[in-house]
file start20.txt (compact mmCIF, C-alpha atoms)
# COMPACT_ATOMS: atom_id res chain seq x y z
CA VAL A 1 50.93 121.06 82.71
CA PHE A 2 50.62 123.93 80.26
CA ARG A 3 52.45 126.09 77.80
CA TYR A 4 53.62 129.21 79.61
CA PRO A 5 51.42 132.09 78.32
CA VAL A 6 54.36 134.52 78.18
CA ASP A 7 56.50 132.13 76.08
CA ILE A 8 54.67 129.06 74.76
CA ARG A 9 58.00 127.33 74.04
CA GLN A 10 58.26 126.76 77.79
CA THR A 11 56.24 124.19 79.73
CA PHE A 12 55.07 124.96 83.27
CA VAL A 13 53.57 122.80 85.99
CA LYS A 14 51.36 124.64 88.49
CA ARG A 15 48.27 123.91 90.50
CA VAL A 16 44.95 125.07 89.02
CA ILE A 17 43.34 127.25 91.67
CA GLY A 18 40.51 128.81 89.70
CA VAL A 19 38.32 127.67 86.81
CA PRO A 20 35.94 129.83 84.74
CA GLY A 21 33.54 131.77 86.97
CA ASP A 22 35.52 131.31 90.19
CA ARG A 23 36.19 134.30 92.44
CA ILE A 24 39.66 134.42 94.01
CA ARG A 25 41.35 136.50 96.65
CA MET A 26 44.22 136.17 99.12
CA GLU A 27 44.35 137.89 102.46
CA ASN A 28 47.56 137.69 104.51
CA LYS A 29 48.63 134.55 102.59
CA GLN A 30 45.26 132.81 103.08
CA LEU A 31 43.61 131.86 99.77
CA TYR A 32 39.84 132.22 99.40
CA LEU A 33 37.89 130.63 96.58
CA ASN A 34 34.28 131.70 96.07
CA GLY A 35 34.23 133.17 99.58
CA LYS A 36 35.57 130.08 101.32
CA ALA A 37 39.03 129.83 102.94
CA LEU A 38 40.90 126.93 101.36
CA VAL A 39 42.74 124.25 103.30
CA GLU A 40 45.92 123.71 101.28
CA PRO A 41 48.21 121.07 102.81
CA TYR A 42 50.56 121.26 99.79
CA LYS A 43 51.44 124.97 99.99
CA TYR A 44 54.39 126.44 101.82
CA HIS A 45 55.79 129.87 102.54
CA LYS A 46 59.47 130.69 102.78
CA THR A 47 59.02 134.20 104.17
CA ASP A 48 57.48 135.41 107.41
CA TYR A 49 56.56 138.84 106.09
CA VAL A 50 53.42 139.71 104.13
CA ASP A 51 53.94 141.25 100.68
CA SER A 52 51.28 143.81 99.79
CA TYR A 53 50.58 142.31 96.34
CA ARG A 54 51.71 138.70 96.46
CA ASP A 55 49.96 137.87 99.74
CA ASN A 56 46.97 140.25 99.52
CA PHE A 57 45.75 139.53 96.04
CA PRO A 58 44.29 141.11 94.01
CA SER A 59 45.62 144.48 95.02
CA GLN A 60 47.71 147.29 93.61
CA PRO A 61 50.89 145.72 92.16
CA ASN A 62 54.08 146.84 93.92
CA SER A 63 56.30 145.93 90.96
CA PRO A 64 55.79 145.71 87.20
CA LEU A 65 53.63 142.83 85.98
CA TYR A 66 53.77 141.09 82.64
CA PRO A 67 51.34 142.81 80.24
CA ARG A 68 48.80 139.95 80.45
CA GLY A 69 48.99 140.10 84.26
CA GLN A 70 48.34 143.84 84.22
CA GLU A 71 45.43 143.33 81.85
CA MET A 72 44.02 140.63 84.16
CA ILE A 73 44.09 143.01 87.13
CA GLU A 74 42.56 145.87 85.13
CA HIS A 75 39.68 143.89 83.58
CA ASN A 76 38.86 140.98 85.88
CA VAL A 77 38.71 142.40 89.40
CA LYS A 78 35.19 143.01 90.66
CA ASP A 79 34.42 144.02 94.24
CA GLY A 80 37.96 143.13 95.34
CA LEU A 81 37.77 139.63 93.85
CA LEU A 82 39.51 138.25 90.78
CA VAL A 83 36.90 136.62 88.51
CA VAL A 84 38.20 133.90 86.17
CA PRO A 85 36.82 134.47 82.65
CA PRO A 86 35.45 131.76 80.32
CA ALA A 87 38.02 129.39 78.77
CA HIS A 88 40.76 130.51 81.20
CA TYR A 89 42.34 129.18 84.39
CA PHE A 90 44.20 130.68 87.33
CA ALA A 91 47.37 128.78 88.29
CA MET A 92 49.60 129.07 91.36
CA GLY A 93 52.73 127.32 92.53
CA ASP A 94 52.88 125.55 95.87
CA ASN A 95 55.84 127.69 97.00
CA ARG A 96 53.63 130.77 97.24
CA ASP A 97 56.36 133.22 98.23
CA SER A 98 58.58 132.42 95.26
CA SER A 99 56.29 131.33 92.45
CA LEU A 100 56.09 132.91 89.02
CA ASP A 101 52.39 132.26 88.53
CA SER A 102 49.08 133.76 87.38
CA ARG A 103 49.37 136.59 89.91
CA TYR A 104 52.16 137.98 87.72
CA TRP A 105 51.49 136.85 84.15
CA GLY A 106 47.73 136.38 84.07
CA PHE A 107 45.37 133.57 83.21
CA VAL A 108 46.21 130.33 81.42
CA PRO A 109 44.12 130.06 78.22
CA ARG A 110 42.39 126.69 77.81
CA GLU A 111 44.29 126.01 74.57
CA ASN A 112 47.62 126.17 76.47
CA ILE A 113 46.76 123.23 78.72
CA ILE A 114 48.61 120.05 77.83
CA GLY A 115 47.49 117.65 80.56
CA LYS A 116 47.94 116.53 84.17
CA PRO A 117 51.30 115.61 85.69
CA LEU A 118 51.55 112.02 86.86
CA ILE A 119 54.86 111.52 88.66
CA ILE A 120 57.79 113.48 90.05
CA TYR A 121 60.65 111.69 88.35
CA TRP A 122 63.35 113.80 90.01
CA SER A 123 63.31 116.64 92.51
CA TYR A 124 66.41 118.77 93.05
CA ASP A 125 66.94 121.69 95.42
CA ALA A 126 68.45 124.15 92.94
CA PRO A 127 68.14 127.95 93.19
CA THR A 128 65.07 129.01 91.21
CA GLU A 129 66.90 131.71 89.26
CA ARG A 130 69.15 129.08 87.66
CA LEU A 131 66.11 127.26 86.31
CA ALA A 132 64.66 130.40 84.71
CA SER A 133 67.10 130.18 81.82
CA PRO A 134 66.40 127.65 79.05
CA MET A 135 70.17 127.04 78.80
CA ILE A 136 72.02 124.87 81.31
CA GLY A 137 75.01 126.85 82.50
CA LEU A 138 78.39 125.62 83.70
CA ASP A 139 77.55 126.69 87.27
CA HIS A 140 74.43 124.49 87.17
CA LEU A 141 76.40 121.50 85.88
CA MET A 142 79.02 122.00 88.59
CA ASP A 143 76.29 122.19 91.21
CA LEU A 144 74.83 118.91 89.93
CA ALA A 145 78.24 117.21 89.87
CA THR A 146 79.13 118.20 93.42
CA ASN A 147 75.71 118.11 95.10
CA PHE A 148 73.63 115.49 93.26
CA PHE A 149 73.22 113.20 96.27
CA THR A 150 72.78 115.92 98.90
CA LYS A 151 70.42 118.22 96.93
CA THR A 152 68.25 115.54 95.37
CA ARG A 153 64.99 115.52 97.31
CA TRP A 154 64.78 111.75 97.65
CA LYS A 155 61.44 111.79 99.50
CA ARG A 156 59.81 113.47 96.46
CA THR A 157 61.58 111.52 93.72
CA PHE A 158 59.33 108.99 91.95
CA MET A 159 56.28 110.09 93.94
CA LEU A 160 52.91 110.09 92.25
CA ILE A 161 51.33 113.51 92.00
CA ARG A 162 47.87 113.73 93.45
CA GLY A 163 45.29 116.43 93.46
CA TYR A 164 43.55 117.62 96.58
CA PRO A 165 39.84 118.23 96.85
CA ILE A 166 38.90 121.82 97.60
CA GLN A 167 37.84 121.99 101.25

call {"tool": "encode", "arguments": {"input": "start20.txt", "output": "structure tokens"}}
result
Amino acid sequence: VFRYPVDIRQTFVKRVIGVPGDRIRMENKQLYLNGKALVEPYKYHKTDYVDSYRDNFPSQPNSPLYPRGQEMIEHNVKDGLLVVPPAHYFAMGDNRDSSLDSRYWGFVPRENIIGKPLIIYWSYDAPTERLASPMIGLDHLMDLATNFFTKTRWKRTFMLIRGYPIQ
């Protein structure tokens, strides 16, 4: 759990993929850490196609990045690998095809880290773009009122969050 580097008023929950000194790359959606392909049972992909930047990272961005993300690509890529600098972390979401994460906005500074998540108290299948706004809109409230029982992901609700060892 950390304060979002682009807007520290927002709190994000993502998986830490890289710590200081780690070397990261993705090739056709497969994540490599320090030269080793990772086994990631928690990740999922919603798309069948391979995006030239998102799924082959680091590479030439195919859309504008946040300034910190652009700076990360310009200053921290060595020999085709992203190198995590001191006092920074690289975070990614489990939904790799639709995650606003370090690939786009850069590293998480150590001072932004708040702690570890413990439990999923509620999981709801809402369109991601609705959650991007800090304000709850009428359409979101209507969606909750009409779909609470069908869109609540009951199998995830009240589940403890666990980390996975890097394999």

call {"tool": "residues_around", "arguments": {"input": "start20.txt", "residues": "region 116-119 of chain A", "least_positions_apart": "3", "cutoff": "12 Å", "atoms": "only C-alpha atoms", "output": "VMD selection string"}}
result
chain A and resid 1 to 2 11 to 16 113 122 to 123 156 to 163

call {"tool": "residues_near_point", "arguments": {"input": "start20.txt", "point": "(54.5, 133.5, 83.6)", "cutoff": "12 Å", "atoms": "only C-alpha atoms", "output": "MDAnalysis selection string"}}
result
chainID A and resid 2:14 65:69 90:93 99:108 132

call {"tool": "closest_residue", "arguments": {"input": "start20.txt", "among": "A:Lys43, A:Ile120, A:Glu74, A:Asp48", "to": "Gln60 (chain A)", "atoms": "only C-alpha atoms"}}
result
A:Glu74

call {"tool": "residues_around", "arguments": {"input": "start20.txt", "residues": "Pro41 (chain A)", "least_positions_apart": "5", "cutoff": "12 Å", "atoms": "all atoms listed in the file", "output": "list in words"}}
result
Asp94, Asn95, Arg162, Gly163, Tyr164, Pro165, Ile166 and Gln167 of chain A

call {"tool": "atom_distance", "arguments": {"input": "start20.txt", "atom1": "CA of Arg23 (chain A)", "atom2": "CA of His75 (chain A)"}}
result
13.5 Å

call {"tool": "axis_aligned_box", "arguments": {"input": "start20.txt", "around": "region 8-11 of chain A", "padding_each_side": "5 Å", "output": "JSON"}}
result
{"center_x": 56.5, "center_y": 126.6, "center_z": 76.9, "size_x": 13.6, "size_y": 14.9, "size_z": 15.7}

call {"tool": "closest_residue", "arguments": {"input": "start20.txt", "among": "A:Gly18, A:Pro64, A:Pro58, A:Pro109", "to": "Leu81 (chain A)", "atoms": "all atoms listed in the file"}}
result
A:Pro58

call {"tool": "atom_distance", "arguments": {"input": "start20.txt", "atom1": "CA of Val39 (chain A)", "atom2": "CA of Val84 (chain A)"}}
result
20.2 Å

call {"tool": "atom_distance", "arguments": {"input": "start20.txt", "atom1": "CA of Ile73 (chain A)", "atom2": "CA of Lys36 (chain A)"}}
result
21.0 Å

call {"tool": "residues_around", "arguments": {"input": "start20.txt", "residues": "region 146-149 of chain A", "least_positions_apart": "3", "cutoff": "10 Å", "atoms": "only C-alpha atoms", "output": "VMD selection string"}}
result
chain A and resid 124 to 126 141 to 143 152 to 154

call {"tool": "closest_residue", "arguments": {"input": "start20.txt", "among": "A:Lys46, A:Asp51, A:Gly115, A:Val83", "to": "Ile17 (chain A)", "atoms": "only C-alpha atoms"}}
result
A:Val83

call {"tool": "residues_around", "arguments": {"input": "start20.txt", "residues": "Gly21 (chain A)", "least_positions_apart": "3", "cutoff": "10 Å", "atoms": "all atoms listed in the file", "output": "ChimeraX atom specification"}}
result
/A:18,24,34,82-89

call {"tool": "residues_around", "arguments": {"input": "start20.txt", "residues": "Ser59 (chain A)", "least_positions_apart": "6", "cutoff": "8 Å", "atoms": "only C-alpha atoms", "output": "number ranges by chain"}}
result
A: 52-53, 80

call {"tool": "decode", "arguments": {"input": "start20.txt", "residues": "region 22-94 of chain A", "atoms": "C-alpha atoms", "output": "short mmCIF file (atom, residue, chain, number, x, y, z; two decimals), in the first residue's frame"}}
result
data_model
loop_
_atom_site.label_atom_id
_atom_site.label_comp_id
_atom_site.auth_asym_id
_atom_site.auth_seq_id
_atom_site.Cartn_x
_atom_site.Cartn_y
_atom_site.Cartn_z
CA ASP A 22 16.76 -5.61 -9.27
CA ARG A 23 16.79 -5.90 -13.07
CA ILE A 24 13.35 -6.22 -14.69
CA ARG A 25 12.08 -7.00 -18.15
CA MET A 26 8.96 -8.45 -19.77
CA GLU A 27 8.95 -10.41 -22.98
CA ASN A 28 5.60 -11.35 -24.55
CA LYS A 29 3.86 -10.93 -21.16
CA GLN A 30 6.43 -13.07 -19.30
CA LEU A 31 8.10 -11.19 -16.44
CA TYR A 32 11.81 -11.73 -15.77
CA LEU A 33 13.50 -10.64 -12.57
CA ASN A 34 17.30 -10.69 -12.46
CA GLY A 35 17.37 -12.95 -15.51
CA LYS A 36 14.91 -15.51 -14.16
CA ALA A 37 11.38 -16.05 -15.51
CA LEU A 38 8.91 -15.59 -12.67
CA VAL A 39 6.09 -17.99 -11.86
CA GLU A 40 3.19 -15.68 -10.99
CA PRO A 41 0.00 -17.60 -10.08
CA TYR A 42 -1.76 -14.34 -9.12
CA LYS A 43 -1.45 -12.52 -12.46
CA TYR A 44 -4.00 -12.56 -15.24
CA HIS A 45 -4.34 -11.16 -18.73
CA LYS A 46 -7.58 -9.98 -20.28
CA THR A 47 -6.23 -9.61 -23.81
CA ASP A 48 -4.82 -12.18 -26.21
CA TYR A 49 -2.71 -9.69 -28.16
CA VAL A 50 0.77 -8.49 -27.20
CA ASP A 51 1.21 -4.73 -26.74
CA SER A 52 4.63 -3.49 -27.85
CA TYR A 53 5.25 -1.49 -24.65
CA ARG A 54 3.04 -2.99 -21.96
CA ASP A 55 4.01 -6.62 -22.66
CA ASN A 56 7.60 -6.12 -23.90
CA PHE A 57 8.96 -3.87 -21.21
CA PRO A 58 11.10 -1.81 -21.15
CA SER A 59 10.76 -0.70 -24.73
CA GLN A 60 9.86 2.37 -26.72
CA PRO A 61 6.56 3.71 -25.31
CA ASN A 62 3.69 3.62 -27.81
CA SER A 63 1.69 6.27 -25.94
CA PRO A 64 2.58 9.19 -23.67
CA LEU A 65 3.86 8.27 -20.21
CA TYR A 66 3.61 10.28 -17.04
CA PRO A 67 6.74 12.45 -16.69
CA ARG A 68 8.21 10.24 -13.93
CA GLY A 69 7.59 7.17 -16.11
CA GLN A 70 9.38 8.79 -19.04
CA GLU A 71 12.26 9.75 -16.78
CA MET A 72 12.45 6.16 -15.49
CA ILE A 73 12.76 4.81 -19.04
CA GLU A 74 15.34 7.42 -20.03
CA HIS A 75 17.63 7.01 -16.99
CA ASN A 76 17.19 3.48 -15.64
CA VAL A 77 17.33 1.16 -18.64
CA LYS A 78 20.67 -0.56 -19.09
CA ASP A 79 21.26 -3.30 -21.67
CA GLY A 80 17.51 -3.68 -22.23
CA LEU A 81 16.78 -4.13 -18.52
CA LEU A 82 15.11 -1.74 -16.11
CA VAL A 83 17.34 -1.31 -13.04
CA VAL A 84 15.56 -0.28 -9.83
CA PRO A 85 17.49 2.56 -8.15
CA PRO A 86 18.23 2.87 -4.41
CA ALA A 87 15.26 3.75 -2.16
CA HIS A 88 12.72 2.98 -4.92
CA TYR A 89 10.42 0.10 -5.83
CA PHE A 90 8.76 -1.16 -9.01
CA ALA A 91 5.06 -2.00 -8.58
CA MET A 92 2.66 -3.83 -10.90
CA GLY A 93 -0.98 -4.80 -10.72
CA ASP A 94 -2.10 -8.39 -11.05
#
